[in-house]
$ cat final11.txt   # compact mmCIF, N, CA and C atoms
# COMPACT_ATOMS: atom_id res chain seq x y z
N THR A 1 83.96 120.30 67.99
CA THR A 1 83.59 119.08 68.72
C THR A 1 84.74 118.63 69.60
N ASN A 2 84.41 118.03 70.71
CA ASN A 2 85.44 117.51 71.59
C ASN A 2 85.91 116.15 71.08
N ALA A 3 87.20 116.01 70.99
CA ALA A 3 87.76 114.73 70.55
C ALA A 3 87.57 113.71 71.67
N PRO A 4 86.85 112.61 71.40
CA PRO A 4 86.59 111.63 72.46
C PRO A 4 87.82 110.83 72.86
N SER A 5 88.87 110.87 72.03
CA SER A 5 90.04 110.02 72.29
C SER A 5 90.67 110.29 73.66
N THR A 6 90.60 111.53 74.14
CA THR A 6 91.21 111.82 75.44
C THR A 6 90.55 111.04 76.57
N ALA A 7 89.28 110.77 76.44
CA ALA A 7 88.57 110.02 77.47
C ALA A 7 89.07 108.58 77.55
N TYR A 8 89.64 108.10 76.47
CA TYR A 8 90.09 106.72 76.42
C TYR A 8 91.60 106.60 76.53
N ALA A 9 92.25 107.69 76.86
CA ALA A 9 93.71 107.65 76.97
C ALA A 9 94.12 106.62 78.02
N GLN A 10 95.05 105.77 77.66
CA GLN A 10 95.51 104.74 78.59
C GLN A 10 96.56 105.32 79.53
N THR A 11 96.51 104.92 80.77
CA THR A 11 97.55 105.30 81.72
C THR A 11 98.64 104.25 81.64
N CYS A 12 99.76 104.64 81.10
CA CYS A 12 100.85 103.68 80.87
C CYS A 12 101.97 103.85 81.89
N HIS A 13 101.59 104.24 83.10
CA HIS A 13 102.58 104.37 84.16
C HIS A 13 101.92 104.17 85.51
N ALA A 14 102.73 103.83 86.50
CA ALA A 14 102.24 103.67 87.86
C ALA A 14 103.33 104.16 88.81
N THR A 15 102.89 104.71 89.93
CA THR A 15 103.84 105.09 90.97
C THR A 15 103.65 104.14 92.15
N VAL A 16 104.74 103.57 92.60
CA VAL A 16 104.71 102.66 93.73
C VAL A 16 105.51 103.31 94.85
N GLN A 17 104.87 103.43 96.01
CA GLN A 17 105.54 104.03 97.16
C GLN A 17 106.10 102.94 98.06
N SER A 18 107.28 103.21 98.61
CA SER A 18 107.87 102.32 99.61
C SER A 18 108.32 103.17 100.78
N ASP A 19 108.61 102.51 101.90
CA ASP A 19 109.00 103.25 103.10
C ASP A 19 109.87 102.38 103.99
N ASP A 20 110.07 102.82 105.22
CA ASP A 20 110.91 102.07 106.15
C ASP A 20 110.18 100.88 106.77
N ALA A 21 108.90 100.71 106.45
CA ALA A 21 108.11 99.64 107.04
C ALA A 21 107.94 98.44 106.11
N LEU A 22 108.83 98.31 105.13
CA LEU A 22 108.82 97.15 104.23
C LEU A 22 107.49 96.94 103.53
N ARG A 23 107.02 97.96 102.85
CA ARG A 23 105.76 97.78 102.12
C ARG A 23 105.77 98.57 100.82
N TYR A 24 104.95 98.10 99.92
CA TYR A 24 104.69 98.80 98.66
C TYR A 24 103.24 99.28 98.72
N ILE A 25 103.01 100.48 98.21
CA ILE A 25 101.64 100.98 98.03
C ILE A 25 101.56 101.51 96.61
N PRO A 26 100.72 100.99 95.73
CA PRO A 26 99.76 99.89 95.94
C PRO A 26 100.45 98.53 95.84
N GLN A 27 99.72 97.48 96.14
CA GLN A 27 100.27 96.14 96.04
C GLN A 27 99.76 95.40 94.80
N ALA A 28 99.06 96.14 93.93
CA ALA A 28 98.59 95.55 92.68
C ALA A 28 98.66 96.62 91.59
N ILE A 29 99.14 96.22 90.42
CA ILE A 29 99.23 97.13 89.28
C ILE A 29 98.59 96.44 88.08
N GLU A 30 97.75 97.19 87.36
CA GLU A 30 97.17 96.68 86.12
C GLU A 30 97.80 97.42 84.96
N VAL A 31 98.30 96.67 84.00
CA VAL A 31 98.93 97.26 82.82
C VAL A 31 97.97 97.14 81.64
N PRO A 32 97.54 98.26 81.06
CA PRO A 32 96.65 98.20 79.90
C PRO A 32 97.38 97.59 78.70
N ARG A 33 96.74 96.64 78.06
CA ARG A 33 97.32 95.97 76.90
C ARG A 33 97.62 96.96 75.77
N ALA A 34 96.89 98.07 75.72
CA ALA A 34 97.06 99.06 74.65
C ALA A 34 98.38 99.84 74.77
N CYS A 35 99.01 99.80 75.93
CA CYS A 35 100.27 100.54 76.10
C CYS A 35 101.40 99.84 75.36
N LYS A 36 102.27 100.65 74.76
CA LYS A 36 103.46 100.09 74.10
C LYS A 36 104.52 99.81 75.16
N ASP A 37 104.75 100.80 76.02
CA ASP A 37 105.69 100.68 77.12
C ASP A 37 104.95 101.06 78.40
N PHE A 38 105.43 100.52 79.52
CA PHE A 38 104.84 100.84 80.81
C PHE A 38 105.98 101.28 81.73
N THR A 39 105.75 102.36 82.46
CA THR A 39 106.78 102.90 83.35
C THR A 39 106.32 102.80 84.80
N VAL A 40 107.20 102.32 85.64
CA VAL A 40 106.94 102.27 87.08
C VAL A 40 107.93 103.21 87.76
N THR A 41 107.40 104.12 88.56
CA THR A 41 108.23 105.01 89.36
C THR A 41 108.16 104.54 90.80
N LEU A 42 109.31 104.30 91.40
CA LEU A 42 109.39 103.85 92.78
C LEU A 42 109.87 105.00 93.66
N THR A 43 109.10 105.31 94.68
CA THR A 43 109.50 106.35 95.63
C THR A 43 109.77 105.69 96.99
N HIS A 44 110.60 106.33 97.79
CA HIS A 44 110.93 105.82 99.13
C HIS A 44 110.73 106.98 100.10
N SER A 45 109.64 106.92 100.86
CA SER A 45 109.30 108.03 101.75
C SER A 45 109.92 107.87 103.14
N GLY A 46 110.72 106.83 103.32
CA GLY A 46 111.33 106.59 104.63
C GLY A 46 112.48 107.54 104.92
N ARG A 47 113.11 107.35 106.07
CA ARG A 47 114.23 108.19 106.48
C ARG A 47 115.56 107.43 106.47
N LEU A 48 115.49 106.12 106.43
CA LEU A 48 116.71 105.32 106.52
C LEU A 48 117.49 105.32 105.20
N PRO A 49 118.82 105.31 105.29
CA PRO A 49 119.66 105.32 104.08
C PRO A 49 119.59 103.99 103.33
N VAL A 50 120.07 104.02 102.11
CA VAL A 50 119.99 102.85 101.22
C VAL A 50 120.67 101.62 101.82
N LEU A 51 121.79 101.80 102.54
CA LEU A 51 122.50 100.64 103.09
C LEU A 51 121.69 99.92 104.18
N ALA A 52 120.84 100.67 104.88
CA ALA A 52 120.05 100.09 105.96
C ALA A 52 118.68 99.60 105.49
N MET A 53 118.06 100.36 104.58
CA MET A 53 116.67 100.07 104.20
C MET A 53 116.47 100.38 102.71
N GLY A 54 117.35 99.86 101.88
CA GLY A 54 117.23 100.10 100.44
C GLY A 54 116.11 99.27 99.84
N HIS A 55 115.45 99.83 98.82
CA HIS A 55 114.41 99.10 98.12
C HIS A 55 114.61 99.23 96.61
N ASN A 56 114.22 98.18 95.90
CA ASN A 56 114.13 98.26 94.45
C ASN A 56 112.78 97.68 94.05
N TRP A 57 112.52 97.69 92.75
CA TRP A 57 111.27 97.15 92.21
C TRP A 57 111.67 96.21 91.10
N VAL A 58 111.39 94.92 91.29
CA VAL A 58 111.79 93.90 90.33
C VAL A 58 110.54 93.18 89.85
N LEU A 59 110.45 92.98 88.54
CA LEU A 59 109.29 92.31 87.94
C LEU A 59 109.69 90.98 87.34
N ALA A 60 108.94 89.93 87.68
CA ALA A 60 109.16 88.60 87.11
C ALA A 60 107.84 87.84 87.18
N LYS A 61 107.80 86.67 86.56
CA LYS A 61 106.63 85.82 86.72
C LYS A 61 106.55 85.44 88.19
N GLU A 62 105.33 85.32 88.70
CA GLU A 62 105.16 84.99 90.11
C GLU A 62 105.90 83.70 90.48
N ALA A 63 105.88 82.73 89.58
CA ALA A 63 106.54 81.44 89.84
C ALA A 63 108.06 81.59 89.96
N ASP A 64 108.62 82.66 89.40
CA ASP A 64 110.07 82.87 89.42
C ASP A 64 110.54 83.74 90.58
N MET A 65 109.59 84.27 91.36
CA MET A 65 109.94 85.27 92.37
C MET A 65 111.00 84.78 93.35
N ALA A 66 110.81 83.63 93.94
CA ALA A 66 111.75 83.14 94.96
C ALA A 66 113.15 82.97 94.37
N GLY A 67 113.22 82.41 93.17
CA GLY A 67 114.53 82.19 92.53
C GLY A 67 115.23 83.49 92.17
N VAL A 68 114.46 84.45 91.67
CA VAL A 68 115.03 85.75 91.30
C VAL A 68 115.52 86.48 92.56
N ALA A 69 114.75 86.41 93.63
CA ALA A 69 115.15 87.05 94.88
C ALA A 69 116.42 86.42 95.43
N ARG A 70 116.53 85.10 95.33
CA ARG A 70 117.71 84.39 95.83
C ARG A 70 118.96 84.79 95.04
N THR A 71 118.87 84.77 93.71
CA THR A 71 120.05 85.13 92.91
C THR A 71 120.37 86.61 93.05
N GLY A 72 119.34 87.43 93.26
CA GLY A 72 119.56 88.86 93.45
C GLY A 72 120.30 89.15 94.73
N MET A 73 119.94 88.43 95.78
CA MET A 73 120.60 88.61 97.06
C MET A 73 122.08 88.23 96.94
N LEU A 74 122.35 87.15 96.23
CA LEU A 74 123.74 86.71 96.02
C LEU A 74 124.52 87.69 95.16
N ALA A 75 123.83 88.36 94.23
CA ALA A 75 124.51 89.34 93.35
C ALA A 75 124.98 90.54 94.16
N GLY A 76 124.25 90.86 95.23
CA GLY A 76 124.70 91.89 96.16
C GLY A 76 124.45 93.32 95.74
N ALA A 77 124.88 94.23 96.60
CA ALA A 77 124.62 95.65 96.43
C ALA A 77 125.24 96.23 95.16
N ALA A 78 126.41 95.74 94.78
CA ALA A 78 127.09 96.27 93.59
C ALA A 78 126.27 96.06 92.33
N SER A 79 125.42 95.04 92.34
CA SER A 79 124.56 94.74 91.19
C SER A 79 123.12 95.15 91.44
N GLN A 80 122.88 96.03 92.43
CA GLN A 80 121.52 96.49 92.77
C GLN A 80 120.63 95.33 93.20
N TYR A 81 121.23 94.26 93.73
CA TYR A 81 120.50 93.06 94.17
C TYR A 81 119.70 92.41 93.05
N VAL A 82 120.23 92.51 91.82
CA VAL A 82 119.63 91.82 90.68
C VAL A 82 120.77 91.19 89.89
N ASP A 83 120.70 89.88 89.68
CA ASP A 83 121.72 89.20 88.88
C ASP A 83 121.58 89.67 87.43
N PRO A 84 122.61 90.33 86.88
CA PRO A 84 122.50 90.86 85.51
C PRO A 84 122.29 89.79 84.44
N ASN A 85 122.59 88.53 84.78
CA ASN A 85 122.42 87.44 83.81
C ASN A 85 121.12 86.66 84.01
N ASP A 86 120.28 87.11 84.94
CA ASP A 86 119.04 86.39 85.24
C ASP A 86 117.98 86.75 84.21
N LYS A 87 117.72 85.82 83.31
CA LYS A 87 116.76 86.05 82.21
C LYS A 87 115.31 86.07 82.70
N ARG A 88 115.08 85.66 83.95
CA ARG A 88 113.72 85.66 84.49
C ARG A 88 113.27 87.08 84.87
N VAL A 89 114.22 87.99 85.01
CA VAL A 89 113.90 89.37 85.38
C VAL A 89 113.38 90.11 84.15
N ILE A 90 112.14 90.59 84.22
CA ILE A 90 111.53 91.32 83.10
C ILE A 90 111.93 92.78 83.14
N ALA A 91 111.96 93.35 84.33
CA ALA A 91 112.34 94.75 84.51
C ALA A 91 112.75 94.96 85.95
N HIS A 92 113.59 95.97 86.20
CA HIS A 92 113.94 96.29 87.58
C HIS A 92 114.49 97.70 87.67
N THR A 93 114.32 98.30 88.83
CA THR A 93 114.90 99.61 89.10
C THR A 93 116.21 99.39 89.86
N GLY A 94 116.92 100.47 90.10
CA GLY A 94 118.05 100.43 91.00
C GLY A 94 117.54 100.44 92.43
N VAL A 95 118.44 100.35 93.38
CA VAL A 95 118.08 100.38 94.79
C VAL A 95 118.14 101.82 95.29
N ILE A 96 117.10 102.24 96.01
CA ILE A 96 117.05 103.60 96.53
C ILE A 96 116.86 103.58 98.05
N GLY A 97 117.25 104.67 98.70
CA GLY A 97 117.06 104.83 100.13
C GLY A 97 116.03 105.92 100.39
N GLY A 98 115.85 106.26 101.66
CA GLY A 98 114.86 107.25 102.06
C GLY A 98 114.99 108.57 101.32
N GLY A 99 113.85 109.08 100.83
CA GLY A 99 113.83 110.36 100.13
C GLY A 99 114.18 110.30 98.65
N GLN A 100 114.51 109.11 98.16
CA GLN A 100 114.92 108.98 96.76
C GLN A 100 113.80 108.42 95.89
N THR A 101 113.96 108.61 94.57
CA THR A 101 113.00 108.14 93.56
C THR A 101 113.77 107.54 92.40
N THR A 102 113.22 106.51 91.78
CA THR A 102 113.82 105.90 90.60
C THR A 102 112.68 105.38 89.73
N SER A 103 112.97 105.05 88.48
CA SER A 103 111.91 104.49 87.64
C SER A 103 112.51 103.55 86.59
N VAL A 104 111.63 102.76 86.01
CA VAL A 104 112.02 101.82 84.95
C VAL A 104 110.85 101.70 83.97
N SER A 105 111.18 101.57 82.69
CA SER A 105 110.18 101.32 81.66
C SER A 105 110.47 99.97 81.03
N PHE A 106 109.40 99.29 80.62
CA PHE A 106 109.57 98.01 79.94
C PHE A 106 108.50 97.87 78.88
N PRO A 107 108.78 97.09 77.82
CA PRO A 107 107.78 96.89 76.76
C PRO A 107 106.64 96.00 77.26
N VAL A 108 105.41 96.44 77.01
CA VAL A 108 104.24 95.67 77.42
C VAL A 108 104.21 94.32 76.69
N SER A 109 104.85 94.27 75.53
CA SER A 109 104.90 93.01 74.76
C SER A 109 105.67 91.92 75.51
N ALA A 110 106.41 92.29 76.56
CA ALA A 110 107.14 91.30 77.37
C ALA A 110 106.19 90.52 78.29
N LEU A 111 104.95 91.03 78.42
CA LEU A 111 103.97 90.38 79.30
C LEU A 111 103.05 89.48 78.48
N GLN A 112 102.72 88.33 79.04
CA GLN A 112 101.83 87.40 78.35
C GLN A 112 100.45 87.40 79.02
N PRO A 113 99.38 87.43 78.20
CA PRO A 113 98.02 87.38 78.76
C PRO A 113 97.84 86.10 79.57
N GLY A 114 97.17 86.20 80.69
CA GLY A 114 96.88 85.03 81.50
C GLY A 114 97.99 84.64 82.47
N GLU A 115 99.15 85.26 82.34
CA GLU A 115 100.27 84.95 83.24
C GLU A 115 100.16 85.83 84.48
N THR A 116 100.57 85.30 85.62
CA THR A 116 100.58 86.09 86.85
C THR A 116 102.00 86.58 87.11
N TYR A 117 102.12 87.89 87.25
CA TYR A 117 103.44 88.49 87.50
C TYR A 117 103.50 89.05 88.90
N ALA A 118 104.70 89.04 89.45
CA ALA A 118 104.91 89.59 90.78
C ALA A 118 105.96 90.69 90.69
N PHE A 119 105.78 91.72 91.53
CA PHE A 119 106.87 92.69 91.71
C PHE A 119 107.28 92.61 93.17
N PHE A 120 108.56 92.78 93.40
CA PHE A 120 109.10 92.54 94.74
C PHE A 120 110.44 93.25 94.89
N CYS A 121 110.86 93.37 96.14
CA CYS A 121 112.13 94.00 96.47
C CYS A 121 113.15 92.90 96.73
N THR A 122 114.30 92.96 96.03
CA THR A 122 115.32 91.91 96.20
C THR A 122 116.43 92.33 97.17
N PHE A 123 116.27 93.49 97.82
CA PHE A 123 117.21 93.85 98.88
C PHE A 123 117.17 92.74 99.92
N ALA A 124 118.33 92.38 100.47
CA ALA A 124 118.46 91.23 101.37
C ALA A 124 117.31 91.09 102.37
N GLY A 125 116.56 90.01 102.22
CA GLY A 125 115.52 89.67 103.18
C GLY A 125 114.18 90.38 103.01
N HIS A 126 114.05 91.25 102.00
CA HIS A 126 112.81 92.02 101.86
C HIS A 126 111.71 91.32 101.06
N SER A 127 112.07 90.45 100.14
CA SER A 127 111.07 89.89 99.22
C SER A 127 109.92 89.11 99.88
N PRO A 128 110.13 88.43 101.02
CA PRO A 128 109.00 87.72 101.61
C PRO A 128 107.84 88.65 102.01
N VAL A 129 108.15 89.91 102.33
CA VAL A 129 107.13 90.86 102.75
C VAL A 129 106.81 91.89 101.67
N MET A 130 107.84 92.35 100.98
CA MET A 130 107.65 93.42 100.00
C MET A 130 107.37 92.84 98.63
N GLN A 131 106.10 92.64 98.33
CA GLN A 131 105.73 92.09 97.04
C GLN A 131 104.32 92.53 96.66
N GLY A 132 104.05 92.42 95.38
CA GLY A 132 102.74 92.75 94.86
C GLY A 132 102.51 92.01 93.57
N THR A 133 101.35 92.22 92.95
CA THR A 133 101.04 91.54 91.71
C THR A 133 100.86 92.54 90.58
N LEU A 134 101.22 92.12 89.39
CA LEU A 134 101.05 92.94 88.19
C LEU A 134 100.33 92.09 87.17
N THR A 135 99.28 92.63 86.58
CA THR A 135 98.51 91.89 85.58
C THR A 135 98.31 92.71 84.32
N LEU A 136 98.22 92.01 83.22
CA LEU A 136 97.94 92.62 81.92
C LEU A 136 96.43 92.63 81.77
N LYS A 137 95.87 93.81 81.46
CA LYS A 137 94.41 93.87 81.35
C LYS A 137 93.97 94.30 79.95
$ encode --input "final11.txt" --output "structure tokens"
Amino acid sequence: TNAPSTAYAQTCHATVQSDDALRYIPQAIEVPRACKDFTVTLTHSGRLPVLAMGHNWVLAKEADMAGVARTGMLAGAASQYVDPNDKRVIAHTGVIGGGQTTSVSFPVSALQPGETYAFFCTFAGHSPVMQGTLTLK
């Protein structure tokens, strides 16, 4: 008999593409509640180097996005544009440039049902355009 469990296997990862045009594809991620950990892989298909067009992937509550982006910008490149002491940051990748890939895993238990989460790039000036939503389903 075929084991039906494979049909119900949860996808506990997502790939988010970025490029030189300041965008994420997709702009929405659904995290299955059944996952223990969730992994996001960020790719950069652009040609520009990290110093000119670096991107990261930062996860926080939507309400915290502006504050996290502000403190991240102040933290600067040496800190991957994320303040290491910012407790509002749930997860983040490092900053990558064209042709590079990075990923981050975080416990799904860090997400609360009913809360709206945002993912965004904290590289200087990118967060107003480079953002998306993440929801627990």
$ residues_near_point --input "final11.txt" --point "(113.0, 104.4, 82.8)" --cutoff "8 Å" --atoms "only N, CA and C atoms" --output "list of chain:residue names"
A:Phe38, A:Thr39, A:Val40, A:Thr102, A:Ser103, A:Val104, A:Ser105, A:Phe106
$ select_by_dssp --input "final11.txt" --residues "range 10-132 of chain A" --states "helix (DSSP H, G or I)" --output "list in words"
Val50, Leu51, Ala52, Met53, Glu62, Ala63, Asp64, Met65, Ala66, Gly67, Val68, Ala69, Arg70, Thr71, Gly72, Met73, Leu74, Ala75, Ala77, Ala78, Ser79, Val108, Ser109 and Ala110 of chain A
$ closest_residue --input "final11.txt" --among "A:Ile96, A:Ala69, A:Leu74, A:Ala63" --to "His44 in chain A" --atoms "all atoms listed in the file"
A:Ile96
$ closest_atom_pairs --input "final11.txt" --of "range 25-58 of chain A" --to "range 77-81 of chain A" --cutoff "12 Å" --atoms "only C-alpha atoms" --output "Markdown table"
| residue | atom | partner | partner_atom | distance |
| --- | --- | --- | --- | --- |
| A:Val50 | CA | A:Ala77 | CA | 9.8 |
| A:Leu51 | CA | A:Ala77 | CA | 8.6 |
| A:Ala52 | CA | A:Ala77 | CA | 11.5 |
| A:Met53 | CA | A:Ala77 | CA | 12.0 |
| A:Gly54 | CA | A:Gln80 | CA | 9.5 |
| A:His55 | CA | A:Gln80 | CA | 9.3 |
| A:Asn56 | CA | A:Gln80 | CA | 7.8 |
| A:Trp57 | CA | A:Tyr81 | CA | 10.3 |
| A:Val58 | CA | A:Tyr81 | CA | 9.6 |
$ closest_residue --input "final11.txt" --among "A:His126, A:Asp64, A:Ile90, A:Leu42" --to "Ala14 in chain A" --atoms "all atoms listed in the file"
A:Leu42
$ closest_residue --input "final11.txt" --among "A:Gly46, A:Pro84, A:Gly99, A:Gly76" --to "Asp20 in chain A" --atoms "only N, CA and C atoms"
A:Gly46
$ closest_residue --input "final11.txt" --among "A:Ser127, A:Gln27, A:Gln100, A:Thr116" --to "Ala66 in chain A" --atoms "all atoms listed in the file"
A:Ser127
$ build_atoms --input "final11.txt" --residues "range 72-97 of chain A" --atoms "N, CA, C and O atoms" --output "JSON list (two decimals), keeping the file's coordinate frame"
[["chain", "number", "residue", "atom", "x", "y", "z"],
["A", 72, "GLY", "N", 119.34, 87.43, 93.26],
["A", 72, "GLY", "CA", 119.56, 88.86, 93.45],
["A", 72, "GLY", "C", 120.30, 89.15, 94.73],
["A", 72, "GLY", "O", 121.20, 90.00, 94.78],
["A", 73, "MET", "N", 119.94, 88.43, 95.78],
["A", 73, "MET", "CA", 120.60, 88.61, 97.06],
["A", 73, "MET", "C", 122.08, 88.23, 96.94],
["A", 73, "MET", "O", 122.95, 88.93, 97.45],
["A", 74, "LEU", "N", 122.35, 87.15, 96.23],
["A", 74, "LEU", "CA", 123.74, 86.71, 96.02],
["A", 74, "LEU", "C", 124.52, 87.69, 95.16],
["A", 74, "LEU", "O", 125.73, 87.86, 95.33],
["A", 75, "ALA", "N", 123.83, 88.36, 94.23],
["A", 75, "ALA", "CA", 124.51, 89.34, 93.35],
["A", 75, "ALA", "C", 124.98, 90.54, 94.16],
["A", 75, "ALA", "O", 125.99, 91.17, 93.82],
["A", 76, "GLY", "N", 124.25, 90.86, 95.23],
["A", 76, "GLY", "CA", 124.70, 91.89, 96.16],
["A", 76, "GLY", "C", 124.45, 93.32, 95.74],
["A", 76, "GLY", "O", 123.91, 93.60, 94.66],
["A", 77, "ALA", "N", 124.88, 94.23, 96.60],
["A", 77, "ALA", "CA", 124.62, 95.65, 96.43],
["A", 77, "ALA", "C", 125.24, 96.23, 95.16],
["A", 77, "ALA", "O", 124.66, 97.09, 94.52],
["A", 78, "ALA", "N", 126.41, 95.74, 94.78],
["A", 78, "ALA", "CA", 127.09, 96.27, 93.59],
["A", 78, "ALA", "C", 126.27, 96.06, 92.33],
["A", 78, "ALA", "O", 126.39, 96.82, 91.37],
["A", 79, "SER", "N", 125.42, 95.04, 92.34],
["A", 79, "SER", "CA", 124.56, 94.74, 91.19],
["A", 79, "SER", "C", 123.12, 95.15, 91.44],
["A", 79, "SER", "O", 122.20, 94.67, 90.77],
["A", 80, "GLN", "N", 122.88, 96.03, 92.43],
["A", 80, "GLN", "CA", 121.52, 96.49, 92.77],
["A", 80, "GLN", "C", 120.63, 95.33, 93.20],
["A", 80, "GLN", "O", 119.41, 95.37, 93.03],
["A", 81, "TYR", "N", 121.23, 94.26, 93.73],
["A", 81, "TYR", "CA", 120.50, 93.06, 94.17],
["A", 81, "TYR", "C", 119.70, 92.41, 93.05],
["A", 81, "TYR", "O", 118.64, 91.83, 93.29],
["A", 82, "VAL", "N", 120.23, 92.51, 91.82],
["A", 82, "VAL", "CA", 119.63, 91.82, 90.68],
["A", 82, "VAL", "C", 120.77, 91.19, 89.89],
["A", 82, "VAL", "O", 121.71, 91.88, 89.51],
["A", 83, "ASP", "N", 120.70, 89.88, 89.68],
["A", 83, "ASP", "CA", 121.72, 89.20, 88.88],
["A", 83, "ASP", "C", 121.58, 89.67, 87.43],
["A", 83, "ASP", "O", 120.53, 89.45, 86.81],
["A", 84, "PRO", "N", 122.61, 90.33, 86.88],
["A", 84, "PRO", "CA", 122.50, 90.86, 85.51],
["A", 84, "PRO", "C", 122.29, 89.79, 84.44],
["A", 84, "PRO", "O", 121.84, 90.09, 83.35],
["A", 85, "ASN", "N", 122.59, 88.53, 84.78],
["A", 85, "ASN", "CA", 122.42, 87.44, 83.81],
["A", 85, "ASN", "C", 121.12, 86.66, 84.01],
["A", 85, "ASN", "O", 120.90, 85.65, 83.36],
["A", 86, "ASP", "N", 120.28, 87.11, 84.94],
["A", 86, "ASP", "CA", 119.04, 86.39, 85.24],
["A", 86, "ASP", "C", 117.98, 86.75, 84.21],
["A", 86, "ASP", "O", 117.39, 87.83, 84.25],
["A", 87, "LYS", "N", 117.72, 85.82, 83.31],
["A", 87, "LYS", "CA", 116.76, 86.05, 82.21],
["A", 87, "LYS", "C", 115.31, 86.07, 82.70],
["A", 87, "LYS", "O", 114.41, 86.42, 81.96],
["A", 88, "ARG", "N", 115.08, 85.66, 83.95],
["A", 88, "ARG", "CA", 113.72, 85.66, 84.49],
["A", 88, "ARG", "C", 113.27, 87.08, 84.87],
["A", 88, "ARG", "O", 112.08, 87.32, 85.04],
["A", 89, "VAL", "N", 114.22, 87.99, 85.01],
["A", 89, "VAL", "CA", 113.90, 89.37, 85.38],
["A", 89, "VAL", "C", 113.38, 90.11, 84.15],
["A", 89, "VAL", "O", 114.07, 90.23, 83.15],
["A", 90, "ILE", "N", 112.14, 90.59, 84.22],
["A", 90, "ILE", "CA", 111.53, 91.32, 83.10],
["A", 90, "ILE", "C", 111.93, 92.78, 83.14],
["A", 90, "ILE", "O", 112.24, 93.38, 82.11],
["A", 91, "ALA", "N", 111.96, 93.35, 84.33],
["A", 91, "ALA", "CA", 112.34, 94.75, 84.51],
["A", 91, "ALA", "C", 112.75, 94.96, 85.95],
["A", 91, "ALA", "O", 112.32, 94.22, 86.84],
["A", 92, "HIS", "N", 113.59, 95.97, 86.20],
["A", 92, "HIS", "CA", 113.94, 96.29, 87.58],
["A", 92, "HIS", "C", 114.49, 97.70, 87.67],
["A", 92, "HIS", "O", 115.04, 98.23, 86.71],
["A", 93, "THR", "N", 114.32, 98.30, 88.83],
["A", 93, "THR", "CA", 114.90, 99.61, 89.10],
["A", 93, "THR", "C", 116.21, 99.39, 89.86],
["A", 93, "THR", "O", 116.53, 98.26, 90.26],
["A", 94, "GLY", "N", 116.92, 100.47, 90.10],
["A", 94, "GLY", "CA", 118.05, 100.43, 91.00],
["A", 94, "GLY", "C", 117.54, 100.44, 92.43],
["A", 94, "GLY", "O", 116.33, 100.53, 92.66],
["A", 95, "VAL", "N", 118.44, 100.35, 93.38],
["A", 95, "VAL", "CA", 118.08, 100.38, 94.79],
["A", 95, "VAL", "C", 118.14, 101.82, 95.29],
["A", 95, "VAL", "O", 119.11, 102.53, 95.02],
["A", 96, "ILE", "N", 117.10, 102.24, 96.01],
["A", 96, "ILE", "CA", 117.05, 103.60, 96.53],
["A", 96, "ILE", "C", 116.86, 103.58, 98.05],
["A", 96, "ILE", "O", 116.36, 102.61, 98.61],
["A", 97, "GLY", "N", 117.25, 104.67, 98.70],
["A", 97, "GLY", "CA", 117.06, 104.83, 100.13],
["A", 97, "GLY", "C", 116.03, 105.92, 100.39],
["A", 97, "GLY", "O", 115.43, 106.46, 99.46]]
